[in-house]
Structure formats: C-alpha cells, structure tokens
>>> print(open('structure.pdb').read())   # PDB, C-alpha atoms
ATOM      1  CA  MET A   1      -3.148 -19.689   1.832
ATOM      2  CA  GLU A   2      -1.935 -22.541  -0.354
ATOM      3  CA  ARG A   3      -5.278 -22.706  -2.192
ATOM      4  CA  ALA A   4      -5.121 -18.956  -2.906
ATOM      5  CA  ALA A   5      -1.608 -19.306  -4.348
ATOM      6  CA  GLU A   6      -2.715 -22.233  -6.564
ATOM      7  CA  LEU A   7      -5.720 -20.269  -7.805
ATOM      8  CA  ALA A   8      -3.564 -17.224  -8.573
ATOM      9  CA  ARG A   9      -0.893 -19.248 -10.393
ATOM     10  CA  GLY A  10      -3.494 -21.054 -12.488
ATOM     11  CA  LEU A  11      -5.213 -17.813 -13.457
ATOM     12  CA  ILE A  12      -2.002 -16.057 -14.520
ATOM     13  CA  GLU A  13      -0.843 -19.124 -16.461
ATOM     14  CA  ARG A  14      -4.149 -19.179 -18.378
ATOM     15  CA  MET A  15      -3.724 -15.465 -19.108
ATOM     16  CA  GLU A  16      -0.099 -16.090 -20.171
ATOM     17  CA  GLY A  17       0.793 -13.237 -17.860
ATOM     18  CA  VAL A  18       4.300 -11.883 -17.397
ATOM     19  CA  GLY A  19       5.227  -9.571 -14.568
ATOM     20  CA  LEU A  20       3.696  -8.712 -11.255
ATOM     21  CA  PHE A  21      -0.010  -9.338 -10.762
ATOM     22  CA  CYS A  22      -2.196  -8.454  -7.832
ATOM     23  CA  ILE A  23      -5.135 -10.772  -7.406
ATOM     24  CA  GLU A  24      -7.771  -9.717  -4.919
ATOM     25  CA  LEU A  25      -9.749 -12.609  -3.498
ATOM     26  CA  PHE A  26     -12.801 -12.937  -1.296
ATOM     27  CA  LEU A  27     -12.895 -15.766   1.231
ATOM     28  CA  LEU A  28     -16.497 -16.849   1.751
ATOM     29  CA  PRO A  29     -17.689 -18.219   5.114
ATOM     30  CA  GLY A  30     -17.735 -21.762   3.689
ATOM     31  CA  GLY A  31     -14.079 -21.505   2.657
ATOM     32  CA  GLU A  32     -14.686 -20.881  -1.061
ATOM     33  CA  LEU A  33     -12.379 -18.346  -2.749
ATOM     34  CA  LEU A  34     -13.682 -15.914  -5.342
ATOM     35  CA  ILE A  35     -11.530 -13.734  -7.589
ATOM     36  CA  ASN A  36     -12.627 -10.105  -7.354
ATOM     37  CA  GLU A  37      -9.908  -8.213  -9.209
ATOM     38  CA  VAL A  38      -6.815  -8.902 -11.299
ATOM     39  CA  ALA A  39      -4.400  -5.988 -11.595
ATOM     40  CA  PRO A  40      -1.376  -6.481 -13.894
ATOM     41  CA  ARG A  41       0.648  -3.989 -11.884
ATOM     42  CA  PRO A  42       1.835  -3.247  -8.389
ATOM     43  CA  HIS A  43      -1.159  -2.840  -6.117
ATOM     44  CA  ASN A  44      -1.864  -0.002  -3.682
ATOM     45  CA  SER A  45      -1.773  -2.391  -0.751
ATOM     46  CA  GLY A  46       1.934  -3.049  -1.299
ATOM     47  CA  HIS A  47       3.268   0.478  -1.708
ATOM     48  CA  TYR A  48       4.942   0.170   1.710
ATOM     49  CA  THR A  49       7.570  -2.012  -0.024
ATOM     50  CA  LEU A  50       9.213   1.201  -1.303
ATOM     51  CA  ASP A  51      10.362   1.995   2.224
ATOM     52  CA  ALA A  52      10.226  -1.204   4.253
ATOM     53  CA  CYS A  53      11.597  -3.977   2.025
ATOM     54  CA  SER A  54      14.874  -4.995   0.427
ATOM     55  CA  ARG A  55      13.140  -4.856  -2.993
ATOM     56  CA  SER A  56       9.991  -2.920  -3.826
ATOM     57  CA  GLN A  57       7.124  -4.365  -5.800
ATOM     58  CA  PHE A  58       7.984  -1.826  -8.500
ATOM     59  CA  GLU A  59      11.515  -3.163  -8.920
ATOM     60  CA  GLN A  60      10.178  -6.712  -9.032
ATOM     61  CA  GLN A  61       7.763  -5.692 -11.818
ATOM     62  CA  VAL A  62      10.631  -4.298 -13.913
ATOM     63  CA  ARG A  63      12.741  -7.406 -13.282
ATOM     64  CA  ALA A  64       9.914  -9.750 -14.289
ATOM     65  CA  VAL A  65       8.999  -7.873 -17.472
ATOM     66  CA  CYS A  66      12.670  -7.636 -18.512
ATOM     67  CA  GLY A  67      13.234 -11.355 -17.960
ATOM     68  CA  MET A  68      15.626 -10.736 -15.085
ATOM     69  CA  PRO A  69      15.667 -12.950 -11.997
ATOM     70  CA  LEU A  70      13.485 -11.695  -9.202
ATOM     71  CA  GLY A  71      15.376 -10.255  -6.273
ATOM     72  CA  GLU A  72      15.083 -11.356  -2.690
ATOM     73  CA  VAL A  73      12.221  -9.620  -0.924
ATOM     74  CA  ARG A  74      12.800  -9.187   2.770
ATOM     75  CA  LEU A  75      11.010  -6.984   5.269
ATOM     76  CA  LEU A  76      13.677  -4.665   6.683
ATOM     77  CA  SER A  77      11.471  -2.910   9.203
ATOM     78  CA  PRO A  78       7.982  -3.263  10.641
ATOM     79  CA  ALA A  79       5.723  -0.881   8.722
ATOM     80  CA  ALA A  80       2.201   0.484   8.575
ATOM     81  CA  MET A  81       0.787   2.505   5.694
ATOM     82  CA  VAL A  82      -1.966   5.107   5.438
ATOM     83  CA  ASN A  83      -3.434   6.027   2.068
ATOM     84  CA  LEU A  84      -4.073   9.699   1.342
ATOM     85  CA  ILE A  85      -7.493   9.882  -0.272
ATOM     86  CA  GLY A  86      -9.130  12.907  -1.889
ATOM     87  CA  THR A  87      -8.317  16.066   0.055
ATOM     88  CA  ASP A  88      -6.099  14.262   2.613
ATOM     89  CA  ALA A  89      -3.008  15.468   0.746
ATOM     90  CA  GLU A  90      -4.137  19.057   1.352
ATOM     91  CA  THR A  91      -5.040  18.358   4.983
ATOM     92  CA  ILE A  92      -1.522  17.243   5.857
ATOM     93  CA  LYS A  93      -0.206  20.649   4.796
ATOM     94  CA  THR A  94      -2.368  22.538   7.279
ATOM     95  CA  ASP A  95      -3.088  20.204  10.202
ATOM     96  CA  PRO A  96      -0.463  20.604  12.969
ATOM     97  CA  GLU A  97      -0.937  17.087  14.373
ATOM     98  CA  CYS A  98      -0.504  15.476  10.941
ATOM     99  CA  ARG A  99       2.581  17.563  10.293
ATOM    100  CA  ALA A 100       4.089  16.572  13.655
ATOM    101  CA  LEU A 101       3.547  12.893  12.871
ATOM    102  CA  LEU A 102       5.152  13.344   9.442
ATOM    103  CA  ASP A 103       8.284  14.660  11.202
ATOM    104  CA  LEU A 104       8.782  11.481  13.250
ATOM    105  CA  PRO A 105      11.824   9.364  12.336
ATOM    106  CA  GLY A 106      10.905   6.530   9.974
ATOM    107  CA  THR A 107       7.992   8.386   8.389
ATOM    108  CA  HIS A 108       7.906   8.530   4.594
ATOM    109  CA  LEU A 109       5.483  10.730   2.656
ATOM    110  CA  HIS A 110       4.688   9.871  -0.966
ATOM    111  CA  LEU A 111       2.543  12.296  -2.980
ATOM    112  CA  TYR A 112       1.711  11.103  -6.484
ATOM    113  CA  GLY A 113       1.514  14.505  -8.180
ATOM    114  CA  LYS A 114      -2.020  14.002  -9.461
ATOM    115  CA  ARG A 115      -3.503  17.311 -10.496
ATOM    116  CA  ALA A 116      -7.199  16.539 -10.150
ATOM    117  CA  VAL A 117      -8.427  15.863  -6.619
ATOM    118  CA  ARG A 118     -11.546  13.710  -6.465
ATOM    119  CA  ALA A 119     -13.343  11.998  -3.612
ATOM    120  CA  ARG A 120     -12.056   8.437  -3.060
ATOM    121  CA  ARG A 121      -9.064   8.987  -5.401
ATOM    122  CA  LYS A 122      -5.725   7.879  -3.964
ATOM    123  CA  MET A 123      -3.434  10.913  -3.965
ATOM    124  CA  GLY A 124      -0.511   9.439  -2.055
ATOM    125  CA  HIS A 125       0.428   7.472   1.021
ATOM    126  CA  VAL A 126       2.466   7.686   4.199
ATOM    127  CA  THR A 127       4.562   4.785   5.461
ATOM    128  CA  PHE A 128       5.451   4.578   9.144
ATOM    129  CA  LEU A 129       8.516   2.464   9.975
ATOM    130  CA  ALA A 130       9.440   1.555  13.533
ATOM    131  CA  ASP A 131      11.482  -0.942  15.525
ATOM    132  CA  GLN A 132       8.293  -2.638  16.710
ATOM    133  CA  ARG A 133       5.199  -3.457  14.638
ATOM    134  CA  ARG A 134       2.907  -2.049  17.319
ATOM    135  CA  MET A 135       4.654   1.336  17.240
ATOM    136  CA  ALA A 136       4.297   1.591  13.448
ATOM    137  CA  GLN A 137       0.616   0.650  13.729
ATOM    138  CA  ASP A 138       0.019   3.163  16.535
ATOM    139  CA  ARG A 139       1.596   6.005  14.552
ATOM    140  CA  ALA A 140      -0.450   5.109  11.478
ATOM    141  CA  ALA A 141      -3.648   4.948  13.556
ATOM    142  CA  GLN A 142      -2.904   8.314  15.167
ATOM    143  CA  PHE A 143      -2.238   9.839  11.728
ATOM    144  CA  ARG A 144      -5.461   8.367  10.308
ATOM    145  CA  GLN A 145      -7.402   9.703  13.308
ATOM    146  CA  SER A 146      -5.961  13.191  12.732
ATOM    147  CA  LEU A 147      -7.087  13.076   9.112
ATOM    148  CA  LEU A 148     -10.590  11.975  10.124
ATOM    149  CA  GLN A 149     -10.901  14.691  12.781
ATOM    150  CA  ARG A 150      -9.854  17.347  10.289
ATOM    151  CA  GLN A 151     -12.449  16.135   7.781
ATOM    152  CA  ARG A 152     -15.200  16.565  10.375
ATOM    153  CA  LEU A 153     -14.378  20.262  10.872
TER     154      LEU A 153
END
>>> encode(input="structure.pdb", output="structure tokens")
Amino acid sequence: MERAAELARGLIERMEGVGLFCIELFLLPGGELLINEVAPRPHNSGHYTLDACSRSQFEQQVRAVCGMPLGEVRLLSPAAMVNLIGTDAETIKTDPECRALLDLPGTHLHLYGKRAVRARRKMGHVTFLADQRRMAQDRAAQFRQSLLQRQRL
C-alpha cells in the first residue's frame, strides 16, 4: 500500500497535477506495480462517496482545484455500489425485484441523464447503505443478480 502511494505521488508531482487523480494500478504476482490508467477526475469506483462519506470525491476535487484545504473524509455508513451499465437503467424501471430493492431504506439511485445508451457505457449507479457491511453487500449482490436475470430473458 505504501509503495502504491509513493508511486502515485511521484507520478502526479512529475505531471505537476492539481486536484483529484485516480491512478489504477496492477499488482503483478512478483509484487511489481504497473500504472494502467491516470484519470484527472473522480473515478467511477468512488461514486459511493456521494452517499456514504462526510465529503464526496467531487467536493474534494473542487476544494483542491480552488486551492482550498481538503475536508475530512470519513465513512459514515457501510456501503456497496452497483454500476448501471447499458440498458440496466431501463431494466430497473420495469423489473419488480429491482424496484423493490430500490425502495429499501438507505438505497440511493443516481442516473446520469445520458441520452445515448450503449453497451458497456455507465449510465448510473445505485448505492446501498446499511448498518452492517455485510447487509449492504448482500443488497447490492441481490440487486446485481436481478439485473443479470432480467438480461437473460
């Protein structure tokens, strides 16, 4: 973990980067780290911060770019997130099991308003918050399974 942080810091310093950067790394079996992607923006994997944290990655990006101090980031609730890919955003409107899961307390639906639906395009996400991590994970897994079953029909 420490080596990944050093690698990320060094890369952003060389780029003279300001703001929030997502750096995707691959850990090889021998322990070597390879940089796969550098995204100078909030990354899809952290969208749960909108609902589950004291500060979202989006607020931190604005603070960094504006030269403001970064705020404390604290997990307020265990969370699990499911991305809505391609036609998933349409599926949730018609599938009764998906809709029932979306009505559970602590469930947050985010649709991005993209007009063109394409395979493998992220159209939104759903965050499941719960008192226990396992419960959030179970709800997310059940939701994902409902989406997969609907796609097979």
>>> resolve_selection(input="structure.pdb", expression="the PyMOL selection byres ((chain A and resi 15-30) around 7)", output="list in words")
Ala8, Leu11, Ile12, Glu13, Arg14, Gly31, Glu32, Leu33, Leu34, Ile35, Asn36, Glu37, Val38, Ala39, Pro40, Arg41, Pro42, His43, Gln61, Ala64 and Val65 of chain A
>>> residues_around(input="structure.pdb", residues="Asn44 of chain A", least_positions_apart="4", cutoff="9 Å", atoms="all atoms listed in the file", output="ChimeraX atom specification")
/A:48,83,122
>>> write_last_selection(input="structure.pdb", atoms="C-alpha atoms", output="PDB file, in the frame of the given file")
ATOM      1  CA  TYR A  48       4.942   0.170   1.710  1.00  0.00           C
ATOM      2  CA  ASN A  83      -3.434   6.027   2.068  1.00  0.00           C
ATOM      3  CA  LYS A 122      -5.725   7.879  -3.964  1.00  0.00           C
TER       4      LYS A 122
END
>>> residues_around(input="structure.pdb", residues="Glu97 of chain A", least_positions_apart="5", cutoff="9 Å", atoms="only C-alpha atoms", output="MDAnalysis selection string")
chainID A and resid 92 102 143 146
>>> write_last_selection(input="structure.pdb", atoms="C-alpha atoms", output="short mmCIF file (atom, residue, chain, number, x, y, z; two decimals), in the coordinates of the input")
data_model
loop_
_atom_site.label_atom_id
_atom_site.label_comp_id
_atom_site.auth_asym_id
_atom_site.auth_seq_id
_atom_site.Cartn_x
_atom_site.Cartn_y
_atom_site.Cartn_z
CA ILE A 92 -1.52 17.24 5.86
CA LEU A 102 5.15 13.34 9.44
CA PHE A 143 -2.24 9.84 11.73
CA SER A 146 -5.96 13.19 12.73
#
>>> resolve_selection(input="structure.pdb", expression="the PyMOL selection byres ((chain A and resi 112) around 10)", output="list in words")
Leu84, Ala89, Leu109, His110, Leu111, Gly113, Lys114, Arg115, Lys122, Met123, Gly124 and His125 of chain A
>>> closest_residue(input="structure.pdb", among="A:Ile85, A:Leu7, A:Leu50, A:Val126", to="Ala140 of chain A", atoms="all atoms listed in the file")
A:Val126
>>> axis_aligned_box(input="structure.pdb", around="segment 72-78 of chain A", padding_each_side="4 Å", output="lines of an AutoDock Vina configuration file")
center_x = 11.5
center_y = -7.1
center_z = 4.0
size_x = 15.1
size_y = 16.4
size_z = 21.3
>>> closest_residue(input="structure.pdb", among="A:His108, A:Ala116, A:Asp131, A:Arg3", to="Met81 of chain A", atoms="all atoms listed in the file")
A:His108
>>> resolve_selection(input="structure.pdb", expression="the PyMOL selection byres ((chain A and resi 148) around 12)", output="list of chain:residue names")
A:Val82, A:Leu84, A:Ile85, A:Thr87, A:Asp88, A:Thr91, A:Ile92, A:Asp95, A:Glu97, A:Cys98, A:Ala141, A:Gln142, A:Phe143, A:Arg144, A:Gln145, A:Ser146, A:Leu147, A:Gln149, A:Arg150, A:Gln151, A:Arg152, A:Leu153
>>> residues_around(input="structure.pdb", residues="Arg139 of chain A", least_positions_apart="6", cutoff="9 Å", atoms="all atoms listed in the file", output="PyMOL selection string")
chain A and resi 80+101+128
>>> residues_around(input="structure.pdb", residues="Arg74 of chain A", least_positions_apart="2", cutoff="10 Å", atoms="all atoms listed in the file", output="short mmCIF file (atom, residue, chain, number, x, y, z; two decimals) with C-alpha atoms, keeping the file's coordinate frame")
data_model
loop_
_atom_site.label_atom_id
_atom_site.label_comp_id
_atom_site.auth_asym_id
_atom_site.auth_seq_id
_atom_site.Cartn_x
_atom_site.Cartn_y
_atom_site.Cartn_z
CA THR A 49 7.57 -2.01 -0.02
CA ALA A 52 10.23 -1.20 4.25
CA CYS A 53 11.60 -3.98 2.02
CA SER A 54 14.87 -5.00 0.43
CA ARG A 55 13.14 -4.86 -2.99
CA SER A 56 9.99 -2.92 -3.83
CA GLY A 71 15.38 -10.26 -6.27
CA GLU A 72 15.08 -11.36 -2.69
CA LEU A 76 13.68 -4.66 6.68
CA SER A 77 11.47 -2.91 9.20
#
>>> atom_distance(input="structure.pdb", atom1="atom CA of His47 of chain A", atom2="atom CA of Arg133 of chain A")
16.9 Å
